[in-house]
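A.B. asks: I have a structure here, written as structure tokens, and I will follow up with some questions on it.
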There are 2 protein chains.
Amino acid sequence: MRLVVATCQVDYAGRLTAHLPLATRVLMIKADGSVLVHSDGGSYKPLNWMSPPCTLREGTTEDGQIEWTVTNPKTDDTLRILLTEIFSDSSHVLGIDPGLQKDGVEKHLQELLAEHPATLSPGLTLVRREYPTAIGPVDLMCRDEAGASVAVEIKRRGDIDGVEQLTRYLELLNRDPLLSPVRGIFAAQEIKPQARVLATDRGIACALVDYDALRGLDDPSHRLF
Amino acid sequence: MRLVVATCQVDYAGRLTAHLPLATRVLMIKADGSVLVHSDGGSYKPLNWMSPPCTLREGTTEDGQIEWTVTNPKTDDTLRILLTEIFSDSSHVLGIDPGLQKDGVEKHLQELLAEHPATLSPGLTLVRREYPTAIGPVDLMCRDEAGASVAVEIKRRGDIDGVEQLTRYLELLNRDPLLSPVRGIFAAQEIKPQARVLATDRGIACALVDYDALRGLDDPSHRLF
DNA sequence: CTGTAGATCTCGTTT
DNA sequence: AAACGAGGTCTACAG
């Protein structure tokens, strides 16, 4: 890992063309050759960058200024960095990172709802999780008290795409005379108004999921930490 | 901008809960208080981070180790960083960045196709760009040689979502007796096989767009640089 | 290996 | 301010 603080101008050419005027920034060069250009704001996304695999070539321009050329042989992207003044340049050995341990995303939501399907609709019982179809797995396949099939699509944030996805599943599932009629439940922690309208228009029920309440129902020994 | 190279352990609690075991990493603290935890690989995304607005509080644990607590008052997220060994700690004044100048994304593709609609289908002429509907603007509304309406959806990468979007537009537009029948063209630089199948199944034509060729047709004086 | 869906998405633009 | 769409998306996972 090399960290350079320098006044620089950056030009990128790849999927798009982009230009950064001369200013002081932080350049992060990782062990795999990738380069990140960070300013003193924004968020975690760099102003500009090069993804690995790529190689950095250091050179000088005709007027004696330092110029870095970073190229990615796979994508033919290039990043040209002109450095007019260097304030700091240091290298550090970091070693391989053990990586991030996560908990609590959609998969976990699906696990919790699989354990407590009745929170979606009274009397609902699980048939199976990740119920396979030709166009992808249905998150939860359930049965209601009357024995009718219910397909559940789970999202953290419910938007129109999720409704479209569930609609495609329902259309396919309802072609199967052994399952039909299959009704749908669109479950999410948050449902966008347009998604709710579309779902309702298509006869799909919406269920708001309370993640913390589900966690409370769940055995706390399952926690990672 | 403060750059710290240190052996650290990181715990995040917010939308999800995440943990980084003890290892040597780079900590980037921006002027707005945001914090990025980078390892020597991956890509431009940090292992862990805190988005602004947030505040960093430095403290010491009972056993005398340095502990940073970063909190975001808006979202109630917290990032706890335990630093066991610091290899480098430096601060730099960067100033405000002039920002990235972009060129060449979907908007530009739309402009080029608006100028040259006949490249999509022979004899096609533009009615208007960003044709408004109740569920959003249609990228290009055109007329063919016979005077029939043609709705064009433009994507850089054509996937199934784009076909769904165009389908919704067509469904809506075809309810208008003044416009109906409206046919659709799905235009993209690259069209995924599944998207092509879905489009064809729904009677939507697919058009592969050659961005460089369109640029050639276009007046070069429109370039930014 | 390709393709698909999720993301502490981020980042615009528009309503 | 909220919402919708795009991203040089990136990234993990399934087929």
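By convention in this document, the chains of the structure tokens carry letters A, B, ... by their order, each chain's residues are numbered from 1, and ligands are numbered from 1 in the order they are shown.
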For the strand (DSSP E or B) assignment from backbone DSSP, which residues of stretch 30-216 of chain A qualify? Please present them as a VMD selection string.
C.D. replies: chain A and resid 35 to 38 48 to 50 55 to 60 66 to 72 77 to 91 101 to 103 125 to 131 138 to 143 149 to 158 182 to 191 205 to 208
A.B. asks: Hey, can you spit out that residue selection with C-alpha atoms as a PDB file, in the first residue's frame?
C.D. replies:
ATOM      1  CA  VAL A  35      -5.264   3.153  -7.836  1.00  0.00           C
ATOM      2  CA  LEU A  36      -7.774   5.323  -5.962  1.00  0.00           C
ATOM      3  CA  VAL A  37      -7.953   9.118  -6.208  1.00  0.00           C
ATOM      4  CA  HIS A  38      -9.606  10.567  -3.104  1.00  0.00           C
ATOM      5  CA  ASN A  48     -11.541   8.401  -9.904  1.00  0.00           C
ATOM      6  CA  TRP A  49      -9.925   4.992  -9.789  1.00  0.00           C
ATOM      7  CA  MET A  50      -8.571   1.997 -11.648  1.00  0.00           C
ATOM      8  CA  THR A  55      -0.227  -1.661 -13.927  1.00  0.00           C
ATOM      9  CA  LEU A  56       1.223   1.711 -12.988  1.00  0.00           C
ATOM     10  CA  ARG A  57       4.017   3.185 -15.095  1.00  0.00           C
ATOM     11  CA  GLU A  58       5.851   6.236 -13.796  1.00  0.00           C
ATOM     12  CA  GLY A  59       7.257   8.666 -16.320  1.00  0.00           C
ATOM     13  CA  THR A  60       8.045  12.303 -16.916  1.00  0.00           C
ATOM     14  CA  ILE A  66       5.844  13.401 -13.111  1.00  0.00           C
ATOM     15  CA  GLU A  67       3.194  11.479 -14.963  1.00  0.00           C
ATOM     16  CA  TRP A  68       1.638   8.184 -13.964  1.00  0.00           C
ATOM     17  CA  THR A  69      -0.072   6.015 -16.524  1.00  0.00           C
ATOM     18  CA  VAL A  70      -2.284   3.274 -15.161  1.00  0.00           C
ATOM     19  CA  THR A  71      -3.620   0.748 -17.640  1.00  0.00           C
ATOM     20  CA  ASN A  72      -5.940  -2.219 -17.399  1.00  0.00           C
ATOM     21  CA  ASP A  77      -9.106   1.592 -19.585  1.00  0.00           C
ATOM     22  CA  THR A  78      -6.396   4.119 -18.879  1.00  0.00           C
ATOM     23  CA  LEU A  79      -5.875   6.590 -16.084  1.00  0.00           C
ATOM     24  CA  ARG A  80      -3.340   9.356 -16.571  1.00  0.00           C
ATOM     25  CA  ILE A  81      -2.217  11.276 -13.496  1.00  0.00           C
ATOM     26  CA  LEU A  82      -0.069  14.360 -13.813  1.00  0.00           C
ATOM     27  CA  LEU A  83       1.623  15.211 -10.499  1.00  0.00           C
ATOM     28  CA  THR A  84       2.802  18.805 -10.181  1.00  0.00           C
ATOM     29  CA  GLU A  85       3.709  18.766  -6.488  1.00  0.00           C
ATOM     30  CA  ILE A  86       4.170  15.884  -4.068  1.00  0.00           C
ATOM     31  CA  PHE A  87       3.623  16.540  -0.372  1.00  0.00           C
ATOM     32  CA  SER A  88       3.968  13.013   0.928  1.00  0.00           C
ATOM     33  CA  ASP A  89       4.847   9.597  -0.446  1.00  0.00           C
ATOM     34  CA  SER A  90       4.967   6.565   1.821  1.00  0.00           C
ATOM     35  CA  SER A  91       4.637   2.803   1.508  1.00  0.00           C
ATOM     36  CA  GLN A 101     -17.874 -10.575   8.715  1.00  0.00           C
ATOM     37  CA  LYS A 102     -21.433  -9.528   8.011  1.00  0.00           C
ATOM     38  CA  ASP A 103     -24.760 -10.150   9.623  1.00  0.00           C
ATOM     39  CA  THR A 125     -46.874 -22.196   6.898  1.00  0.00           C
ATOM     40  CA  LEU A 126     -43.621 -22.731   5.036  1.00  0.00           C
ATOM     41  CA  VAL A 127     -43.426 -25.238   2.179  1.00  0.00           C
ATOM     42  CA  ARG A 128     -39.835 -24.401   1.283  1.00  0.00           C
ATOM     43  CA  ARG A 129     -37.296 -21.632   1.102  1.00  0.00           C
ATOM     44  CA  GLU A 130     -35.660 -20.778  -2.270  1.00  0.00           C
ATOM     45  CA  TYR A 131     -38.399 -22.675  -4.128  1.00  0.00           C
ATOM     46  CA  VAL A 138     -38.982 -17.929  -5.131  1.00  0.00           C
ATOM     47  CA  ASP A 139     -37.843 -16.668  -1.723  1.00  0.00           C
ATOM     48  CA  LEU A 140     -40.542 -18.469   0.246  1.00  0.00           C
ATOM     49  CA  MET A 141     -43.228 -20.851  -0.938  1.00  0.00           C
ATOM     50  CA  CYS A 142     -45.976 -21.191   1.641  1.00  0.00           C
ATOM     51  CA  ARG A 143     -49.467 -22.516   2.170  1.00  0.00           C
ATOM     52  CA  SER A 149     -50.120 -21.767  -2.376  1.00  0.00           C
ATOM     53  CA  VAL A 150     -48.585 -18.433  -1.484  1.00  0.00           C
ATOM     54  CA  ALA A 151     -45.367 -17.124  -3.053  1.00  0.00           C
ATOM     55  CA  VAL A 152     -43.427 -14.617  -0.961  1.00  0.00           C
ATOM     56  CA  GLU A 153     -40.816 -12.237  -2.344  1.00  0.00           C
ATOM     57  CA  ILE A 154     -38.607 -10.639   0.304  1.00  0.00           C
ATOM     58  CA  LYS A 155     -36.713  -7.382  -0.059  1.00  0.00           C
ATOM     59  CA  ARG A 156     -35.058  -5.066   2.408  1.00  0.00           C
ATOM     60  CA  ARG A 157     -36.371  -2.134   0.403  1.00  0.00           C
ATOM     61  CA  GLY A 158     -39.432  -2.906  -1.663  1.00  0.00           C
ATOM     62  CA  VAL A 182     -50.964 -19.054  -6.296  1.00  0.00           C
ATOM     63  CA  ARG A 183     -51.261 -15.693  -4.605  1.00  0.00           C
ATOM     64  CA  GLY A 184     -48.359 -13.419  -3.794  1.00  0.00           C
ATOM     65  CA  ILE A 185     -47.060 -11.534  -0.788  1.00  0.00           C
ATOM     66  CA  PHE A 186     -44.497  -8.789  -1.223  1.00  0.00           C
ATOM     67  CA  ALA A 187     -42.585  -8.498   2.053  1.00  0.00           C
ATOM     68  CA  ALA A 188     -40.100  -5.748   2.835  1.00  0.00           C
ATOM     69  CA  GLN A 189     -38.830  -3.597   5.664  1.00  0.00           C
ATOM     70  CA  GLU A 190     -39.883  -0.584   3.630  1.00  0.00           C
ATOM     71  CA  ILE A 191     -42.247  -0.453   0.646  1.00  0.00           C
ATOM     72  CA  ALA A 205     -50.474  -8.285  -0.843  1.00  0.00           C
ATOM     73  CA  CYS A 206     -47.859  -6.139   0.831  1.00  0.00           C
ATOM     74  CA  ALA A 207     -46.343  -6.985   4.198  1.00  0.00           C
ATOM     75  CA  LEU A 208     -44.135  -4.639   6.146  1.00  0.00           C
TER      76      LEU A 208
END
A.B. asks: For C:DC9, please output as an mmCIF file with N, CA and C atoms (P, O5', C5', C4', C3', O3' and C1' of nucleotides), in the first residue's frame all residues within 12 Å (counting only C-alpha atoms (C1' of nucleotides); exclusion window: fewer than 4 positions along the same chain).
C.D. replies:
data_model
loop_
_atom_site.group_PDB
_atom_site.id
_atom_site.type_symbol
_atom_site.label_atom_id
_atom_site.label_comp_id
_atom_site.auth_asym_id
_atom_site.auth_seq_id
_atom_site.Cartn_x
_atom_site.Cartn_y
_atom_site.Cartn_z
ATOM 1 N N SER A 43 -17.879 10.523 -0.292
ATOM 2 C CA SER A 43 -18.150 9.405 0.607
ATOM 3 C C SER A 43 -17.088 8.373 0.320
ATOM 4 N N TYR A 44 -17.420 7.115 0.357
ATOM 5 C CA TYR A 44 -16.349 6.151 0.198
ATOM 6 C C TYR A 44 -15.900 6.003 -1.246
ATOM 7 N N LYS A 45 -16.692 6.539 -2.162
ATOM 8 C CA LYS A 45 -16.321 6.398 -3.571
ATOM 9 C C LYS A 45 -15.242 7.406 -3.947
ATOM 10 N N ARG B 15 -27.182 -0.267 9.642
ATOM 11 C CA ARG B 15 -28.118 -1.043 8.828
ATOM 12 C C ARG B 15 -27.887 -2.518 9.047
ATOM 13 N N LYS B 45 -14.063 0.087 -2.985
ATOM 14 C CA LYS B 45 -14.920 0.061 -1.809
ATOM 15 C C LYS B 45 -14.114 -0.278 -0.553
ATOM 16 N N SER B 51 -20.330 7.202 6.667
ATOM 17 C CA SER B 51 -20.654 8.315 5.783
ATOM 18 C C SER B 51 -20.930 9.565 6.601
ATOM 19 P P DG D 7 -25.727 4.575 -16.703
ATOM 20 O "O5'" DG D 7 -24.755 4.423 -15.450
ATOM 21 C "C5'" DG D 7 -24.197 5.580 -14.837
ATOM 22 C "C4'" DG D 7 -23.265 5.165 -13.703
ATOM 23 C "C3'" DG D 7 -22.261 4.065 -14.060
ATOM 24 O "O3'" DG D 7 -21.004 4.328 -13.442
ATOM 25 C "C1'" DG D 7 -23.526 3.375 -12.207
ATOM 26 P P DT D 9 -20.003 -0.023 -15.948
ATOM 27 O "O5'" DT D 9 -20.662 0.115 -14.500
ATOM 28 C "C5'" DT D 9 -20.209 -0.695 -13.435
ATOM 29 C "C4'" DT D 9 -19.959 0.141 -12.211
ATOM 30 C "C3'" DT D 9 -19.415 -0.676 -11.069
ATOM 31 O "O3'" DT D 9 -18.005 -0.395 -10.969
ATOM 32 C "C1'" DT D 9 -21.419 0.473 -10.415
ATOM 33 P P DC D 10 -16.908 -1.543 -11.047
ATOM 34 O "O5'" DC D 10 -16.907 -2.186 -9.584
ATOM 35 C "C5'" DC D 10 -16.768 -1.325 -8.462
ATOM 36 C "C4'" DC D 10 -17.246 -2.044 -7.204
ATOM 37 C "C3'" DC D 10 -16.631 -3.428 -7.021
ATOM 38 O "O3'" DC D 10 -16.317 -3.613 -5.647
ATOM 39 C "C1'" DC D 10 -18.989 -3.584 -7.053
ATOM 40 P P DT D 11 -15.441 -4.855 -5.228
ATOM 41 O "O5'" DT D 11 -16.505 -5.929 -4.776
ATOM 42 C "C5'" DT D 11 -17.551 -5.547 -3.885
ATOM 43 C "C4'" DT D 11 -18.479 -6.708 -3.653
ATOM 44 C "C3'" DT D 11 -17.807 -8.088 -3.761
ATOM 45 O "O3'" DT D 11 -18.137 -8.874 -2.634
ATOM 46 C "C1'" DT D 11 -19.754 -8.016 -5.077
#
A.B. asks: Atom CA of A:Leu20 and atom CA of B:Ile96 are how many Å apart?
C.D. replies: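 Answer for the atom CA of A:Leu20 to atom CA of B:Ile96 separation: 12.6 Å.
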A.B. asks: Which residues of chain B come within 8 Å of chain A, and what is each one's closest atom pair and distance in Å (one decimal), counting only C-alpha atoms, sorted by chain and residue number, as a Markdown table?
C.D. replies:
| residue | atom | partner | partner_atom | distance |
| --- | --- | --- | --- | --- |
| B:Met1 | CA | A:Asp40 | CA | 5.9 |
| B:Val5 | CA | A:His92 | CA | 7.8 |
| B:Arg15 | CA | A:Gly104 | CA | 7.9 |
| B:Leu16 | CA | A:Gly104 | CA | 5.2 |
| B:Thr17 | CA | A:Asp103 | CA | 5.4 |
| B:Ala18 | CA | A:Lys102 | CA | 4.5 |
| B:His19 | CA | A:Gln101 | CA | 5.1 |
| B:Leu20 | CA | A:Leu100 | CA | 5.2 |
| B:Pro21 | CA | A:Pro98 | CA | 6.6 |
| B:Ala23 | CA | A:Asp97 | CA | 6.4 |
| B:Thr24 | CA | A:Leu94 | CA | 5.1 |
| B:Arg25 | CA | A:Leu94 | CA | 6.1 |
| B:Lys30 | CA | A:Asp40 | CA | 5.1 |
| B:Ala31 | CA | A:Asp40 | CA | 5.6 |
| B:Asp32 | CA | A:Gly41 | CA | 6.3 |
| B:Ser34 | CA | A:Ser43 | CA | 7.3 |
| B:Leu36 | CA | A:Tyr44 | CA | 6.5 |
| B:Ser39 | CA | A:Asp97 | CA | 6.4 |
| B:Asp40 | CA | A:Lys30 | CA | 5.1 |
| B:Gly41 | CA | A:Lys30 | CA | 6.0 |
| B:Ser43 | CA | A:Ser51 | CA | 5.9 |
| B:Tyr44 | CA | A:Leu36 | CA | 6.5 |
| B:Lys45 | CA | A:Tyr44 | CA | 6.6 |
| B:Pro46 | CA | A:Tyr44 | CA | 6.8 |
| B:Leu47 | CA | A:Leu100 | CA | 6.5 |
| B:Asn48 | CA | A:Leu100 | CA | 7.9 |
| B:Trp49 | CA | A:Tyr44 | CA | 7.0 |
| B:Ser51 | CA | A:Ser43 | CA | 5.9 |
| B:Pro52 | CA | A:Ser43 | CA | 7.2 |
| B:His92 | CA | A:Val5 | CA | 7.8 |
| B:Leu94 | CA | A:Thr24 | CA | 5.1 |
| B:Gly95 | CA | A:Thr24 | CA | 7.1 |
| B:Ile96 | CA | A:Asp40 | CA | 7.2 |
| B:Asp97 | CA | A:Ser39 | CA | 6.4 |
| B:Pro98 | CA | A:Pro21 | CA | 6.6 |
| B:Gly99 | CA | A:Leu20 | CA | 6.4 |
| B:Leu100 | CA | A:Leu20 | CA | 5.2 |
| B:Gln101 | CA | A:His19 | CA | 5.1 |
| B:Lys102 | CA | A:Ala18 | CA | 4.5 |
| B:Asp103 | CA | A:Thr17 | CA | 5.3 |
| B:Gly104 | CA | A:Leu16 | CA | 5.0 |
| B:Val105 | CA | A:Leu16 | CA | 6.5 |
| B:Asp161 | CA | A:Asp161 | CA | 7.4 |
| B:Glu164 | CA | A:Glu164 | CA | 7.8 |
A.B. asks: Any chance you could tabulate, as a Markdown table, the residues of chain C at most 12 Å from chain A with each one's nearest atom pair and distance in Å to one decimal, using only C-alpha atoms (C1' of nucleotides), in chain and rising number order?
C.D. replies:
| residue | atom | partner | partner_atom | distance |
| --- | --- | --- | --- | --- |
| C:DG3 | C1' | A:Gly136 | CA | 11.4 |
| C:DT4 | C1' | A:Gly136 | CA | 8.8 |
| C:DA5 | C1' | A:Gly136 | CA | 10.2 |
| C:DG6 | C1' | A:Glu106 | CA | 8.0 |
| C:DA7 | C1' | A:Val105 | CA | 9.3 |
| C:DT8 | C1' | A:Val105 | CA | 9.9 |
| C:DC9 | C1' | A:Lys45 | CA | 10.4 |
| C:DT10 | C1' | A:Lys45 | CA | 7.1 |
| C:DC11 | C1' | A:Lys45 | CA | 9.7 |
A.B. asks: Considering only C-alpha atoms (C1' of nucleotides), return as a count of residues only whatever protein or nucleic-acid residues lie within 12 Å of C:DT13, sequence-local ones (same chain, fewer than 5 positions apart) excluded.
C.D. replies: 5
A.B. asks: For the structure I just gave you, how does DSSP split stretch 30-223 of chain A - specifically, which residues are alpha helix (DSSP H)? Reply as a PyMOL selection string.
C.D. replies: chain A and resi 106-115+160-173+193-201+211-217
A.B. asks: Now that the selection is made, can you save its residues with N, CA, C and O atoms as a compact mmCIF listing (two decimals), in the first residue's frame?
C.D. replies:
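Saved file selection37.txt follows:
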# COMPACT_ATOMS: atom_id res chain seq x y z
N GLU A 106 -30.46 -9.39 3.60
CA GLU A 106 -31.69 -10.03 3.12
C GLU A 106 -31.76 -11.51 3.43
O GLU A 106 -32.82 -12.04 3.74
N LYS A 107 -30.63 -12.17 3.34
CA LYS A 107 -30.61 -13.60 3.60
C LYS A 107 -31.11 -13.89 5.02
O LYS A 107 -31.88 -14.82 5.23
N HIS A 108 -30.66 -13.08 5.94
CA HIS A 108 -31.07 -13.27 7.33
C HIS A 108 -32.56 -12.98 7.50
O HIS A 108 -33.27 -13.68 8.20
N LEU A 109 -33.03 -11.96 6.82
CA LEU A 109 -34.45 -11.62 6.83
C LEU A 109 -35.25 -12.82 6.32
O LEU A 109 -36.29 -13.19 6.89
N GLN A 110 -34.73 -13.44 5.26
CA GLN A 110 -35.40 -14.60 4.68
C GLN A 110 -35.42 -15.76 5.67
O GLN A 110 -36.44 -16.44 5.82
N GLU A 111 -34.32 -15.96 6.36
CA GLU A 111 -34.25 -17.03 7.36
C GLU A 111 -35.27 -16.80 8.47
O GLU A 111 -35.98 -17.72 8.87
N LEU A 112 -35.32 -15.55 8.93
CA LEU A 112 -36.25 -15.24 10.02
C LEU A 112 -37.70 -15.43 9.59
O LEU A 112 -38.51 -16.00 10.33
N LEU A 113 -38.02 -14.97 8.39
CA LEU A 113 -39.40 -15.11 7.91
C LEU A 113 -39.73 -16.57 7.61
O LEU A 113 -40.88 -16.99 7.76
N ALA A 114 -38.73 -17.33 7.20
CA ALA A 114 -38.95 -18.77 6.97
C ALA A 114 -39.32 -19.45 8.29
O ALA A 114 -40.11 -20.39 8.31
N GLU A 115 -38.74 -18.94 9.38
CA GLU A 115 -39.04 -19.51 10.70
C GLU A 115 -40.38 -19.01 11.24
O GLU A 115 -41.01 -19.68 12.04
N ILE A 160 -40.31 -1.12 -7.21
CA ILE A 160 -41.10 -1.64 -8.32
C ILE A 160 -40.48 -2.90 -8.94
O ILE A 160 -41.20 -3.80 -9.38
N ASP A 161 -39.16 -2.98 -8.93
CA ASP A 161 -38.50 -4.15 -9.52
C ASP A 161 -38.89 -5.44 -8.79
O ASP A 161 -39.06 -6.48 -9.41
N GLY A 162 -39.00 -5.34 -7.47
CA GLY A 162 -39.37 -6.51 -6.69
C GLY A 162 -40.77 -7.00 -7.03
O GLY A 162 -41.02 -8.20 -7.07
N VAL A 163 -41.67 -6.05 -7.27
CA VAL A 163 -43.04 -6.41 -7.65
C VAL A 163 -43.04 -7.08 -9.02
O VAL A 163 -43.74 -8.08 -9.24
N GLU A 164 -42.23 -6.54 -9.93
CA GLU A 164 -42.11 -7.14 -11.27
C GLU A 164 -41.59 -8.57 -11.16
O GLU A 164 -42.08 -9.48 -11.81
N GLN A 165 -40.61 -8.75 -10.32
CA GLN A 165 -40.00 -10.07 -10.11
C GLN A 165 -41.04 -11.06 -9.61
O GLN A 165 -41.21 -12.15 -10.17
N LEU A 166 -41.77 -10.66 -8.57
CA LEU A 166 -42.80 -11.53 -8.00
C LEU A 166 -43.89 -11.80 -9.03
O LEU A 166 -44.41 -12.92 -9.12
N THR A 167 -44.24 -10.79 -9.82
CA THR A 167 -45.25 -10.96 -10.86
C THR A 167 -44.84 -12.04 -11.85
O THR A 167 -45.65 -12.90 -12.24
N ARG A 168 -43.55 -12.01 -12.25
CA ARG A 168 -43.06 -13.04 -13.19
C ARG A 168 -43.16 -14.42 -12.56
O ARG A 168 -43.58 -15.38 -13.21
N TYR A 169 -42.80 -14.53 -11.28
CA TYR A 169 -42.90 -15.83 -10.60
C TYR A 169 -44.33 -16.32 -10.57
O TYR A 169 -44.63 -17.47 -10.85
N LEU A 170 -45.25 -15.41 -10.20
CA LEU A 170 -46.65 -15.79 -10.05
C LEU A 170 -47.23 -16.24 -11.39
O LEU A 170 -47.97 -17.23 -11.47
N GLU A 171 -46.86 -15.50 -12.44
CA GLU A 171 -47.35 -15.84 -13.78
C GLU A 171 -46.92 -17.27 -14.13
O GLU A 171 -47.71 -18.08 -14.62
N LEU A 172 -45.66 -17.57 -13.84
CA LEU A 172 -45.12 -18.90 -14.14
C LEU A 172 -45.76 -19.97 -13.26
O LEU A 172 -46.20 -21.02 -13.75
N LEU A 173 -45.83 -19.69 -11.96
CA LEU A 173 -46.35 -20.67 -11.01
C LEU A 173 -47.82 -21.00 -11.29
O LEU A 173 -48.26 -22.14 -11.15
N PRO A 193 -44.10 3.77 -2.27
CA PRO A 193 -45.49 3.98 -2.67
C PRO A 193 -45.82 3.41 -4.06
O PRO A 193 -46.82 2.71 -4.22
N GLN A 194 -44.95 3.67 -5.02
CA GLN A 194 -45.21 3.18 -6.38
C GLN A 194 -45.25 1.65 -6.42
O GLN A 194 -46.02 1.06 -7.16
N ALA A 195 -44.40 1.03 -5.61
CA ALA A 195 -44.36 -0.43 -5.56
C ALA A 195 -45.65 -0.95 -4.95
O ALA A 195 -46.23 -1.93 -5.40
N ARG A 196 -46.13 -0.27 -3.91
CA ARG A 196 -47.36 -0.68 -3.24
C ARG A 196 -48.55 -0.57 -4.19
O ARG A 196 -49.40 -1.48 -4.25
N VAL A 197 -48.60 0.51 -4.95
CA VAL A 197 -49.68 0.72 -5.91
C VAL A 197 -49.66 -0.39 -6.96
O VAL A 197 -50.68 -1.01 -7.25
N LEU A 198 -48.48 -0.65 -7.50
CA LEU A 198 -48.37 -1.68 -8.54
C LEU A 198 -48.76 -3.05 -8.00
O LEU A 198 -49.49 -3.80 -8.65
N ALA A 199 -48.29 -3.36 -6.79
CA ALA A 199 -48.59 -4.65 -6.18
C ALA A 199 -50.11 -4.80 -5.97
O ALA A 199 -50.70 -5.80 -6.37
N THR A 200 -50.71 -3.78 -5.38
CA THR A 200 -52.14 -3.81 -5.12
C THR A 200 -52.93 -3.98 -6.40
O THR A 200 -53.85 -4.79 -6.49
N ASP A 201 -52.51 -3.25 -7.44
CA ASP A 201 -53.16 -3.31 -8.75
C ASP A 201 -53.11 -4.72 -9.32
O ASP A 201 -53.99 -5.15 -10.06
N TYR A 211 -37.90 -6.04 11.31
CA TYR A 211 -36.69 -6.87 11.47
C TYR A 211 -36.34 -7.08 12.94
O TYR A 211 -36.07 -8.20 13.37
N ASP A 212 -36.38 -6.02 13.70
CA ASP A 212 -36.00 -6.12 15.12
C ASP A 212 -36.96 -7.02 15.89
O ASP A 212 -36.55 -7.82 16.74
N ALA A 213 -38.26 -6.90 15.58
CA ALA A 213 -39.24 -7.76 16.24
C ALA A 213 -39.01 -9.22 15.89
O ALA A 213 -39.09 -10.10 16.75
N LEU A 214 -38.69 -9.48 14.61
CA LEU A 214 -38.41 -10.85 14.18
C LEU A 214 -37.18 -11.40 14.90
O LEU A 214 -37.14 -12.55 15.32
N ARG A 215 -36.17 -10.54 15.03
CA ARG A 215 -34.96 -10.94 15.74
C ARG A 215 -35.30 -11.33 17.17
O ARG A 215 -34.73 -12.27 17.73
N GLY A 216 -36.26 -10.60 17.75
CA GLY A 216 -36.68 -10.89 19.11
C GLY A 216 -37.35 -12.24 19.22
O GLY A 216 -37.12 -12.98 20.17
N LEU A 217 -38.14 -12.59 18.19
CA LEU A 217 -38.81 -13.89 18.17
C LEU A 217 -37.79 -15.02 18.03
O LEU A 217 -37.96 -16.12 18.55
A.B. asks: Find, counting only C-alpha atoms (C1' of nucleotides), the residue in A:Asp210, A:Asp76, A:Ala148, A:Leu124 that gets nearest to chain D.
C.D. replies: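 Of the candidates, the smallest distance to chain D is held by A:Asp76.
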